[in-house]
Each structure stands twice: as structure tokens, then as C-alpha cells.
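Data block for model-v8.cif (mmCIF, N, CA and C atoms):
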```cif
data_work
loop_
_atom_site.label_atom_id
_atom_site.label_comp_id
_atom_site.auth_asym_id
_atom_site.auth_seq_id
_atom_site.Cartn_x
_atom_site.Cartn_y
_atom_site.Cartn_z
N MET A 10 -25.41 -1.71 -36.29
CA MET A 10 -24.29 -2.49 -36.73
C MET A 10 -22.96 -1.84 -36.32
N ARG A 11 -22.88 -0.50 -36.45
CA ARG A 11 -21.66 0.21 -36.05
C ARG A 11 -21.37 0.03 -34.57
N LYS A 12 -22.45 0.06 -33.75
CA LYS A 12 -22.27 -0.11 -32.31
C LYS A 12 -21.71 -1.49 -31.99
N VAL A 13 -22.16 -2.51 -32.69
CA VAL A 13 -21.68 -3.87 -32.47
C VAL A 13 -20.20 -3.97 -32.86
N ILE A 14 -19.85 -3.42 -34.00
CA ILE A 14 -18.46 -3.45 -34.46
C ILE A 14 -17.57 -2.69 -33.49
N LEU A 15 -18.03 -1.51 -33.03
CA LEU A 15 -17.27 -0.72 -32.08
C LEU A 15 -17.08 -1.49 -30.77
N ALA A 16 -18.12 -2.15 -30.30
CA ALA A 16 -18.03 -2.93 -29.07
C ALA A 16 -17.03 -4.08 -29.22
N ILE A 17 -17.02 -4.72 -30.38
CA ILE A 17 -16.07 -5.82 -30.62
C ILE A 17 -14.64 -5.28 -30.64
N ILE A 18 -14.42 -4.15 -31.32
CA ILE A 18 -13.08 -3.55 -31.38
C ILE A 18 -12.61 -3.18 -29.98
N ILE A 19 -13.47 -2.54 -29.19
CA ILE A 19 -13.10 -2.17 -27.82
C ILE A 19 -12.79 -3.42 -27.00
N GLY A 20 -13.56 -4.46 -27.18
CA GLY A 20 -13.31 -5.72 -26.46
C GLY A 20 -11.97 -6.34 -26.83
N VAL A 21 -11.65 -6.33 -28.13
CA VAL A 21 -10.36 -6.89 -28.58
C VAL A 21 -9.21 -6.06 -28.02
N ILE A 22 -9.34 -4.73 -28.05
CA ILE A 22 -8.29 -3.86 -27.50
C ILE A 22 -8.12 -4.12 -26.01
N ALA A 23 -9.21 -4.23 -25.28
CA ALA A 23 -9.13 -4.50 -23.84
C ALA A 23 -8.46 -5.84 -23.56
N LEU A 24 -8.80 -6.88 -24.34
CA LEU A 24 -8.16 -8.19 -24.17
C LEU A 24 -6.67 -8.11 -24.47
N TYR A 25 -6.30 -7.36 -25.52
CA TYR A 25 -4.88 -7.21 -25.85
C TYR A 25 -4.12 -6.58 -24.69
N PHE A 26 -4.64 -5.45 -24.18
CA PHE A 26 -3.94 -4.77 -23.09
C PHE A 26 -3.91 -5.63 -21.84
N ALA A 27 -4.97 -6.35 -21.54
CA ALA A 27 -4.97 -7.25 -20.38
C ALA A 27 -3.92 -8.34 -20.54
N SER A 28 -3.77 -8.88 -21.76
CA SER A 28 -2.78 -9.93 -22.00
C SER A 28 -1.36 -9.41 -21.90
N GLN A 29 -1.17 -8.10 -22.09
CA GLN A 29 0.15 -7.49 -22.00
C GLN A 29 0.46 -7.02 -20.58
N GLY A 30 -0.44 -7.28 -19.63
CA GLY A 30 -0.20 -6.89 -18.25
C GLY A 30 -0.66 -5.49 -17.90
N TYR A 31 -1.47 -4.87 -18.77
CA TYR A 31 -1.93 -3.51 -18.52
C TYR A 31 -3.24 -3.45 -17.76
N ALA A 32 -3.80 -4.60 -17.42
CA ALA A 32 -5.09 -4.61 -16.74
C ALA A 32 -4.95 -4.04 -15.34
N GLN A 33 -5.91 -3.28 -14.92
CA GLN A 33 -5.92 -2.76 -13.55
C GLN A 33 -6.19 -3.90 -12.58
N LYS A 34 -5.38 -4.00 -11.57
CA LYS A 34 -5.61 -5.01 -10.54
C LYS A 34 -6.32 -4.35 -9.38
N SER A 35 -7.29 -5.02 -8.83
CA SER A 35 -8.04 -4.49 -7.72
C SER A 35 -7.20 -4.56 -6.45
N VAL A 36 -7.03 -3.42 -5.81
CA VAL A 36 -6.28 -3.34 -4.56
C VAL A 36 -7.15 -2.60 -3.56
N ALA A 37 -7.23 -3.14 -2.36
CA ALA A 37 -8.01 -2.49 -1.31
C ALA A 37 -7.37 -1.17 -0.92
N SER A 38 -8.17 -0.22 -0.53
CA SER A 38 -7.66 1.05 -0.03
C SER A 38 -7.21 0.89 1.42
N PRO A 39 -6.20 1.67 1.82
CA PRO A 39 -5.77 1.61 3.22
C PRO A 39 -6.87 2.07 4.16
N CYS A 40 -6.77 1.67 5.43
CA CYS A 40 -7.71 2.16 6.45
C CYS A 40 -7.53 3.65 6.64
N ASN A 41 -8.61 4.34 6.91
CA ASN A 41 -8.56 5.77 7.16
C ASN A 41 -8.16 6.02 8.61
N ARG A 42 -7.06 6.69 8.81
CA ARG A 42 -6.58 6.98 10.16
C ARG A 42 -6.49 8.46 10.46
N ILE A 43 -6.59 9.29 9.43
CA ILE A 43 -6.52 10.74 9.63
C ILE A 43 -7.83 11.33 9.14
N ASN A 44 -8.69 11.67 10.09
CA ASN A 44 -9.99 12.26 9.74
C ASN A 44 -9.84 13.75 9.46
N GLU A 45 -10.79 14.29 8.76
CA GLU A 45 -10.75 15.70 8.37
C GLU A 45 -10.59 16.62 9.58
N ASP A 46 -11.23 16.27 10.70
CA ASP A 46 -11.14 17.14 11.88
C ASP A 46 -9.76 17.09 12.55
N MET A 47 -8.87 16.23 12.08
CA MET A 47 -7.50 16.15 12.61
C MET A 47 -6.53 17.01 11.79
N ILE A 48 -7.02 17.63 10.72
CA ILE A 48 -6.17 18.39 9.82
C ILE A 48 -6.55 19.87 9.87
N ARG A 49 -5.55 20.71 10.08
CA ARG A 49 -5.75 22.16 10.07
C ARG A 49 -4.85 22.75 9.00
N VAL A 50 -5.44 23.48 8.06
CA VAL A 50 -4.67 24.10 6.98
C VAL A 50 -4.66 25.61 7.22
N TYR A 51 -3.45 26.16 7.33
CA TYR A 51 -3.25 27.59 7.54
C TYR A 51 -2.54 28.16 6.30
N ASP A 52 -2.42 29.48 6.24
CA ASP A 52 -1.73 30.10 5.12
C ASP A 52 -0.26 29.69 5.03
N ASP A 53 0.36 29.44 6.17
CA ASP A 53 1.80 29.17 6.19
C ASP A 53 2.18 27.76 6.63
N LYS A 54 1.19 26.91 6.92
CA LYS A 54 1.52 25.54 7.36
C LYS A 54 0.29 24.66 7.37
N VAL A 55 0.55 23.37 7.48
CA VAL A 55 -0.50 22.37 7.67
C VAL A 55 -0.17 21.63 8.94
N VAL A 56 -1.17 21.44 9.79
CA VAL A 56 -0.97 20.73 11.06
C VAL A 56 -1.89 19.51 11.07
N ILE A 57 -1.29 18.34 11.31
CA ILE A 57 -2.07 17.11 11.43
C ILE A 57 -1.93 16.65 12.87
N ASP A 58 -3.03 16.55 13.57
CA ASP A 58 -3.03 16.13 14.97
C ASP A 58 -3.02 14.61 15.02
N LEU A 59 -1.83 14.03 15.04
CA LEU A 59 -1.68 12.59 14.99
C LEU A 59 -0.65 12.17 16.04
N LYS A 60 -1.06 11.39 16.98
CA LYS A 60 -0.18 10.95 18.06
C LYS A 60 0.80 9.89 17.57
N ASN A 61 2.00 9.90 18.13
CA ASN A 61 3.05 8.90 17.86
C ASN A 61 3.44 8.80 16.39
N ALA A 62 3.37 9.90 15.68
CA ALA A 62 3.74 9.91 14.26
C ALA A 62 5.26 9.95 14.11
N LYS A 63 5.74 9.29 13.04
CA LYS A 63 7.16 9.29 12.70
C LYS A 63 7.31 9.69 11.23
N TRP A 64 8.40 10.34 10.91
CA TRP A 64 8.74 10.71 9.53
C TRP A 64 9.57 9.60 8.94
N SER A 65 9.36 9.28 7.67
CA SER A 65 10.18 8.24 7.05
C SER A 65 10.50 8.60 5.60
N TYR A 66 11.47 7.93 5.07
CA TYR A 66 11.89 8.10 3.69
C TYR A 66 12.12 6.72 3.09
N PHE A 67 12.39 6.66 1.79
CA PHE A 67 12.45 5.37 1.11
C PHE A 67 13.72 5.25 0.27
N THR A 68 14.16 4.02 0.08
CA THR A 68 15.32 3.74 -0.76
C THR A 68 14.85 3.43 -2.18
N PRO A 69 15.72 3.56 -3.18
CA PRO A 69 15.30 3.40 -4.58
C PRO A 69 15.22 1.95 -5.05
N THR A 70 14.28 1.19 -4.50
CA THR A 70 14.13 -0.21 -4.93
C THR A 70 13.19 -0.35 -6.11
N GLY A 71 12.22 0.57 -6.25
CA GLY A 71 11.26 0.50 -7.34
C GLY A 71 10.08 -0.42 -7.07
N SER A 72 10.07 -1.14 -5.95
CA SER A 72 9.01 -2.12 -5.71
C SER A 72 7.64 -1.49 -5.47
N MET A 73 7.60 -0.23 -5.04
CA MET A 73 6.31 0.40 -4.75
C MET A 73 5.92 1.49 -5.76
N LEU A 74 6.62 1.53 -6.89
CA LEU A 74 6.24 2.50 -7.93
C LEU A 74 4.84 2.19 -8.44
N PRO A 75 4.02 3.12 -8.80
CA PRO A 75 4.26 4.55 -8.77
C PRO A 75 3.87 5.21 -7.45
N SER A 76 3.40 4.44 -6.48
CA SER A 76 2.94 5.03 -5.21
C SER A 76 4.06 5.69 -4.43
N ILE A 77 5.21 5.02 -4.35
CA ILE A 77 6.33 5.49 -3.54
C ILE A 77 7.62 5.33 -4.34
N ASN A 78 8.48 6.36 -4.28
CA ASN A 78 9.82 6.26 -4.85
C ASN A 78 10.81 6.87 -3.88
N GLU A 79 12.07 6.94 -4.27
CA GLU A 79 13.11 7.44 -3.37
C GLU A 79 12.98 8.92 -3.04
N ASN A 80 12.14 9.65 -3.78
CA ASN A 80 11.91 11.07 -3.49
C ASN A 80 10.69 11.29 -2.60
N SER A 81 9.99 10.22 -2.27
CA SER A 81 8.81 10.32 -1.41
C SER A 81 9.23 10.31 0.05
N ASN A 82 8.40 10.92 0.86
CA ASN A 82 8.53 10.84 2.32
C ASN A 82 7.16 10.42 2.83
N ALA A 83 7.13 9.98 4.08
CA ALA A 83 5.85 9.51 4.60
C ALA A 83 5.74 9.79 6.10
N ILE A 84 4.51 9.75 6.54
CA ILE A 84 4.22 9.80 7.97
C ILE A 84 3.74 8.41 8.34
N GLU A 85 4.32 7.85 9.40
CA GLU A 85 3.99 6.50 9.84
C GLU A 85 3.58 6.51 11.30
N ILE A 86 2.82 5.50 11.67
CA ILE A 86 2.49 5.27 13.09
C ILE A 86 2.82 3.81 13.41
N THR A 87 3.02 3.53 14.69
CA THR A 87 3.26 2.17 15.13
C THR A 87 1.94 1.54 15.54
N PRO A 88 1.55 0.44 14.90
CA PRO A 88 0.28 -0.20 15.29
C PRO A 88 0.42 -0.86 16.66
N GLU A 89 -0.66 -0.86 17.42
CA GLU A 89 -0.64 -1.46 18.75
C GLU A 89 -0.99 -2.93 18.74
N SER A 90 -1.77 -3.36 17.74
CA SER A 90 -2.16 -4.77 17.65
C SER A 90 -2.45 -5.13 16.20
N GLU A 91 -2.68 -6.43 15.98
CA GLU A 91 -3.02 -6.91 14.63
C GLU A 91 -4.25 -6.22 14.07
N LYS A 92 -5.16 -5.81 14.96
CA LYS A 92 -6.40 -5.15 14.53
C LYS A 92 -6.13 -3.79 13.90
N ASP A 93 -4.95 -3.21 14.19
CA ASP A 93 -4.58 -1.90 13.65
C ASP A 93 -3.99 -1.98 12.25
N VAL A 94 -3.89 -3.18 11.67
CA VAL A 94 -3.32 -3.36 10.34
C VAL A 94 -4.42 -3.91 9.43
N CYS A 95 -4.69 -3.18 8.35
CA CYS A 95 -5.78 -3.54 7.44
C CYS A 95 -5.24 -3.99 6.08
N VAL A 96 -6.02 -4.81 5.39
CA VAL A 96 -5.73 -5.12 4.00
C VAL A 96 -5.79 -3.79 3.24
N GLY A 97 -4.79 -3.51 2.43
CA GLY A 97 -4.69 -2.25 1.70
C GLY A 97 -3.67 -1.31 2.30
N ASP A 98 -3.35 -1.48 3.58
CA ASP A 98 -2.34 -0.64 4.23
C ASP A 98 -0.96 -0.90 3.63
N ILE A 99 -0.13 0.12 3.63
CA ILE A 99 1.29 -0.07 3.33
C ILE A 99 1.99 -0.12 4.68
N ILE A 100 2.72 -1.21 4.91
CA ILE A 100 3.40 -1.39 6.18
C ILE A 100 4.92 -1.46 5.96
N ALA A 101 5.66 -1.06 6.97
CA ALA A 101 7.11 -1.27 6.99
C ALA A 101 7.35 -2.42 7.95
N PHE A 102 8.10 -3.42 7.50
CA PHE A 102 8.34 -4.59 8.33
C PHE A 102 9.77 -5.08 8.15
N ARG A 103 10.26 -5.85 9.12
CA ARG A 103 11.60 -6.42 9.07
C ARG A 103 11.52 -7.81 8.44
N TYR A 104 12.44 -8.05 7.49
CA TYR A 104 12.57 -9.37 6.89
C TYR A 104 14.01 -9.53 6.45
N SER A 105 14.65 -10.60 6.87
CA SER A 105 16.05 -10.87 6.53
C SER A 105 16.94 -9.65 6.81
N GLN A 106 16.75 -9.08 7.97
CA GLN A 106 17.54 -7.94 8.45
C GLN A 106 17.42 -6.69 7.58
N LYS A 107 16.33 -6.60 6.81
CA LYS A 107 16.04 -5.41 6.01
C LYS A 107 14.68 -4.86 6.43
N SER A 108 14.51 -3.56 6.20
CA SER A 108 13.20 -2.96 6.38
C SER A 108 12.56 -2.85 4.99
N ILE A 109 11.38 -3.40 4.85
CA ILE A 109 10.66 -3.44 3.58
C ILE A 109 9.32 -2.72 3.77
N SER A 110 8.94 -1.92 2.80
CA SER A 110 7.62 -1.28 2.80
C SER A 110 6.82 -1.84 1.63
N HIS A 111 5.80 -2.62 1.93
CA HIS A 111 4.91 -3.21 0.91
C HIS A 111 3.48 -3.13 1.40
N ARG A 112 2.56 -3.35 0.46
CA ARG A 112 1.13 -3.27 0.75
C ARG A 112 0.61 -4.61 1.27
N VAL A 113 -0.30 -4.56 2.25
CA VAL A 113 -0.95 -5.77 2.76
C VAL A 113 -2.03 -6.19 1.77
N MET A 114 -1.89 -7.40 1.24
CA MET A 114 -2.83 -7.94 0.26
C MET A 114 -3.85 -8.87 0.91
N GLU A 115 -3.42 -9.57 1.95
CA GLU A 115 -4.29 -10.52 2.66
C GLU A 115 -3.95 -10.49 4.14
N LYS A 116 -4.94 -10.82 4.94
CA LYS A 116 -4.75 -10.98 6.38
C LYS A 116 -5.42 -12.28 6.75
N GLY A 117 -4.71 -13.15 7.43
CA GLY A 117 -5.27 -14.45 7.76
C GLY A 117 -4.77 -14.97 9.09
N THR A 118 -5.19 -16.16 9.42
CA THR A 118 -4.79 -16.81 10.66
C THR A 118 -4.39 -18.24 10.34
N ASP A 119 -3.31 -18.69 10.93
CA ASP A 119 -2.90 -20.08 10.82
C ASP A 119 -2.53 -20.58 12.22
N GLU A 120 -1.86 -21.74 12.30
CA GLU A 120 -1.53 -22.32 13.60
C GLU A 120 -0.61 -21.43 14.44
N GLN A 121 0.09 -20.50 13.81
CA GLN A 121 0.99 -19.58 14.54
C GLN A 121 0.32 -18.25 14.88
N GLY A 122 -0.89 -18.05 14.44
CA GLY A 122 -1.60 -16.81 14.72
C GLY A 122 -1.86 -15.99 13.47
N VAL A 123 -2.02 -14.69 13.66
CA VAL A 123 -2.34 -13.78 12.56
C VAL A 123 -1.10 -13.59 11.69
N TYR A 124 -1.33 -13.56 10.36
CA TYR A 124 -0.25 -13.27 9.42
C TYR A 124 -0.77 -12.32 8.35
N PHE A 125 0.17 -11.72 7.64
CA PHE A 125 -0.14 -10.78 6.57
C PHE A 125 0.63 -11.21 5.32
N ILE A 126 -0.04 -11.18 4.18
CA ILE A 126 0.61 -11.41 2.90
C ILE A 126 0.79 -10.04 2.26
N THR A 127 2.01 -9.74 1.84
CA THR A 127 2.32 -8.42 1.32
C THR A 127 2.80 -8.49 -0.13
N LYS A 128 2.84 -7.32 -0.78
CA LYS A 128 3.28 -7.24 -2.17
C LYS A 128 3.68 -5.82 -2.47
N GLY A 129 4.76 -5.65 -3.21
CA GLY A 129 5.11 -4.35 -3.74
C GLY A 129 4.16 -4.00 -4.87
N ASP A 130 3.69 -2.77 -4.93
CA ASP A 130 2.73 -2.37 -5.96
C ASP A 130 3.28 -2.59 -7.37
N ASN A 131 4.59 -2.52 -7.54
CA ASN A 131 5.20 -2.65 -8.86
C ASN A 131 5.72 -4.06 -9.13
N LEU A 132 5.38 -5.00 -8.28
CA LEU A 132 5.84 -6.38 -8.44
C LEU A 132 4.71 -7.25 -8.97
N GLU A 133 5.06 -8.31 -9.67
CA GLU A 133 4.08 -9.20 -10.29
C GLU A 133 3.32 -10.06 -9.29
N SER A 134 3.99 -10.50 -8.23
CA SER A 134 3.34 -11.45 -7.32
C SER A 134 3.58 -11.06 -5.86
N ASN A 135 2.80 -11.68 -5.00
CA ASN A 135 2.92 -11.47 -3.57
C ASN A 135 4.30 -11.90 -3.08
N ASP A 136 4.72 -11.33 -1.97
CA ASP A 136 5.97 -11.76 -1.35
C ASP A 136 5.82 -13.23 -0.96
N PRO A 137 6.89 -14.03 -1.07
CA PRO A 137 6.79 -15.48 -0.84
C PRO A 137 6.91 -15.88 0.63
N PHE A 138 6.46 -15.02 1.53
CA PHE A 138 6.55 -15.31 2.96
C PHE A 138 5.38 -14.64 3.68
N LYS A 139 5.11 -15.10 4.87
CA LYS A 139 4.09 -14.49 5.72
C LYS A 139 4.77 -13.50 6.66
N VAL A 140 4.15 -12.37 6.87
CA VAL A 140 4.65 -11.36 7.81
C VAL A 140 3.83 -11.49 9.09
N ARG A 141 4.52 -11.57 10.20
CA ARG A 141 3.87 -11.64 11.51
C ARG A 141 3.85 -10.25 12.13
N PHE A 142 2.91 -10.04 13.05
CA PHE A 142 2.78 -8.73 13.67
C PHE A 142 4.08 -8.28 14.34
N SER A 143 4.81 -9.20 14.91
CA SER A 143 6.07 -8.86 15.59
C SER A 143 7.11 -8.28 14.63
N GLN A 144 6.96 -8.50 13.33
CA GLN A 144 7.89 -7.97 12.33
C GLN A 144 7.52 -6.56 11.87
N ILE A 145 6.27 -6.16 12.13
CA ILE A 145 5.79 -4.87 11.62
C ILE A 145 6.33 -3.74 12.47
N GLU A 146 6.97 -2.79 11.78
CA GLU A 146 7.53 -1.61 12.44
C GLU A 146 6.55 -0.45 12.45
N SER A 147 5.81 -0.29 11.33
CA SER A 147 4.90 0.84 11.23
C SER A 147 3.91 0.67 10.09
N VAL A 148 2.91 1.53 10.12
CA VAL A 148 1.91 1.62 9.06
C VAL A 148 1.99 3.03 8.48
N ILE A 149 2.09 3.13 7.17
CA ILE A 149 2.15 4.43 6.52
C ILE A 149 0.74 5.02 6.48
N VAL A 150 0.62 6.24 7.00
CA VAL A 150 -0.69 6.88 7.03
C VAL A 150 -0.78 8.08 6.08
N ALA A 151 0.37 8.53 5.57
CA ALA A 151 0.39 9.63 4.60
C ALA A 151 1.68 9.56 3.80
N ILE A 152 1.58 9.78 2.50
CA ILE A 152 2.75 9.85 1.64
C ILE A 152 2.88 11.31 1.20
N ILE A 153 4.08 11.84 1.36
CA ILE A 153 4.35 13.25 1.04
C ILE A 153 5.21 13.29 -0.22
N TYR A 154 4.74 13.98 -1.25
CA TYR A 154 5.50 14.10 -2.49
C TYR A 154 6.08 15.50 -2.62
#
```
Any chance you could give the structure as C-alpha cells?
Amino acid sequence: MRKVILAIIIGVIALYFASQGYAQKSVASPCNRINEDMIRVYDDKVVIDLKNAKWSYFTPTGSMLPSINENSNAIEITPESEKDVCVGDIIAFRYSQKSISHRVMEKGTDEQGVYFITKGDNLESNDPFKVRFSQIESVIVAIIY
């Protein structure tokens, strides 16, 4: 009887937190681009053997909290094709003359070709536009805190 009551209480608590927006949302993990054999750790430095890498920083918009904030830095690469962008990746792209870094939630095809649906991790809903490959500046492959 105690187990049943405990299960009901846990269920009610879980429903309450889910109704308040505390439920974990399933998000795909980014594609793996840095394999263990590409990383060398020394006493005085870390070396990552990654071609065409760029350093980046972020502005304090809050859209990617808690993953990224204005104190975070990142290593990015430029994708060569649509195949180099995966659901779960965080991409930097141009939209309305701004550079935005959001996570890829969906990848699809329509009459104009491949598109990506993106979302800030700290935002309630997906961005209300499709991102085309030509808008993508880079894919984040490492976040440095």
C-alpha cells in the first residue's frame, strides 16, 4: 500500500513540474566531429588537431542558456555541405543582418531544397523561419567555459 501511495505522490509531483514547464525536453546531441585521437593533452596545454577551426564568442542574449552565455567561447568550423549539419548541432547563421547561434531541431526538404529549423535552448518555441544552408556561417564543435 505504501508503494502505491508513494508512486501516486511521485506521479502528481511529476505532473505538477511538467505543467510548470520543468519537464525535460528531448534534444538530439550534436554530431561528433572531434575524435579522441584528435586531442592531445599535455601538462601545459591541450592541442586539438582540427582543420579550418575558428574561435568565437557570444553576446548576452540569453537564448542559449544554460549551454552558452556571454562568458562562453567556442571553436567553430565551416560546413562544406548540408550533409555536414546535423540535428542537434548548434549553428551560427545570418538572419535579418544578425548572426544567431541556435540549435538545429529539424532538417527537412521542401521545394527550395534543404532547410533547418532552429531554436534557442532557453526559448519556448522554434524560430519562426527556415534556415537555408547559404545562411549558415559555422557549426560549433566545442564550447569553452
Write down as a ChimeraX atom specification the residues of chain A whose backbone DSSP state falls under strand (DSSP E).
/A:48-50,55-57,63-66,82-86,99-104,107-119,122-128,140-141,145-153
I'd like the interatomic distance between atom CA of A:Ser105 and atom CA of A:Pro75, to a tenth of an Å.
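So the two atoms, atom CA of A:Ser105 and atom CA of A:Pro75, lie 24.7 Å apart.
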Using only N, CA and C atoms, pick whichever of A:Phe142, A:Val148, A:Ile43, A:Phe102 has the shortest atom-to-atom distance to A:Ser90.
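Of all the options, A:Phe142 lies closest to A:Ser90.
Shortest separation to A:Asn41 among A:Lys92, A:Tyr104, A:Val150, A:Thr87 occurs at residue A:Val150, atoms counted being all atoms listed in the file.
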Can you tell me how far atom N of A:Arg103 sits from atom N of A:Val140, in Å to one decimal?
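Atom-to-atom, atom N of A:Arg103 to atom N of A:Val140, that is 9.2 Å.
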Pull out every residue that the PyMOL selection byres (((chain A and resi 70 and name CA) around 12) and name CA) matches in the shown coordinates and put them as JSON, numbers by chain.
{"A": [67, 68, 69, 71, 72, 73, 74, 75, 77, 78, 79, 80, 108, 109, 110, 111, 129, 130, 131, 132]}
Atoms kept (N, CA and C atoms) for selection, written as a compact mmCIF listing (two decimals), in the coordinates of the input:
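Wrote out_25.txt, looks like this:
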```txt
# COMPACT_ATOMS: atom_id res chain seq x y z
N PHE A 67 12.39 6.66 1.79
CA PHE A 67 12.45 5.37 1.11
C PHE A 67 13.72 5.25 0.27
N THR A 68 14.16 4.02 0.08
CA THR A 68 15.32 3.74 -0.76
C THR A 68 14.85 3.43 -2.18
N PRO A 69 15.72 3.56 -3.18
CA PRO A 69 15.30 3.40 -4.58
C PRO A 69 15.22 1.95 -5.05
N GLY A 71 12.22 0.57 -6.25
CA GLY A 71 11.26 0.50 -7.34
C GLY A 71 10.08 -0.42 -7.07
N SER A 72 10.07 -1.14 -5.95
CA SER A 72 9.01 -2.12 -5.71
C SER A 72 7.64 -1.49 -5.47
N MET A 73 7.60 -0.23 -5.04
CA MET A 73 6.31 0.40 -4.75
C MET A 73 5.92 1.49 -5.76
N LEU A 74 6.62 1.53 -6.89
CA LEU A 74 6.24 2.50 -7.93
C LEU A 74 4.84 2.19 -8.44
N PRO A 75 4.02 3.12 -8.80
CA PRO A 75 4.26 4.55 -8.77
C PRO A 75 3.87 5.21 -7.45
N ILE A 77 5.21 5.02 -4.35
CA ILE A 77 6.33 5.49 -3.54
C ILE A 77 7.62 5.33 -4.34
N ASN A 78 8.48 6.36 -4.28
CA ASN A 78 9.82 6.26 -4.85
C ASN A 78 10.81 6.87 -3.88
N GLU A 79 12.07 6.94 -4.27
CA GLU A 79 13.11 7.44 -3.37
C GLU A 79 12.98 8.92 -3.04
N ASN A 80 12.14 9.65 -3.78
CA ASN A 80 11.91 11.07 -3.49
C ASN A 80 10.69 11.29 -2.60
N SER A 108 14.51 -3.56 6.20
CA SER A 108 13.20 -2.96 6.38
C SER A 108 12.56 -2.85 4.99
N ILE A 109 11.38 -3.40 4.85
CA ILE A 109 10.66 -3.44 3.58
C ILE A 109 9.32 -2.72 3.77
N SER A 110 8.94 -1.92 2.80
CA SER A 110 7.62 -1.28 2.80
C SER A 110 6.82 -1.84 1.63
N HIS A 111 5.80 -2.62 1.93
CA HIS A 111 4.91 -3.21 0.91
C HIS A 111 3.48 -3.13 1.40
N GLY A 129 4.76 -5.65 -3.21
CA GLY A 129 5.11 -4.35 -3.74
C GLY A 129 4.16 -4.00 -4.87
N ASP A 130 3.69 -2.77 -4.93
CA ASP A 130 2.73 -2.37 -5.96
C ASP A 130 3.28 -2.59 -7.37
N ASN A 131 4.59 -2.52 -7.54
CA ASN A 131 5.20 -2.65 -8.86
C ASN A 131 5.72 -4.06 -9.13
N LEU A 132 5.38 -5.00 -8.28
CA LEU A 132 5.84 -6.38 -8.44
C LEU A 132 4.71 -7.25 -8.97
```
Atom-to-atom span, atom CA of A:Phe138 and atom C of A:Glu115, Å:
11.6 Å
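Comparing A:Gly97, A:Pro137, A:Pro39, A:Pro88 by their smallest distance to A:Val113, the closest is A:Gly97 (using all atoms listed in the file).
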With only C-alpha atoms as the counted atoms, please give the residues lying no more than 12 Å from A:Ala151, apart from itself and same-chain residues fewer than 6 positions off, as an MDAnalysis selection string.
chainID A and resid 39:44 57 59 62:66 76:77 81:86 98:100
Enumerate as number ranges by chain all residues of chain A assigned to alpha helix (DSSP H) by DSSP on the backbone, naming them with the chain letters and numbers the document uses.
A: 11-28
Measuring between only N, CA and C atoms, which one of A:Ile48, A:Val56, A:Ile149, A:Met114 shows the shortest distance to A:Val36?
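Under the stated criterion, the closest residue is A:Met114.
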Have a look at A:Val96, A:Ala101, A:Val123, A:Ser143 and name the one nearest to A:Ser38; count only N, CA and C atoms.
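For A:Ser38, the nearest of the given residues is A:Val96.
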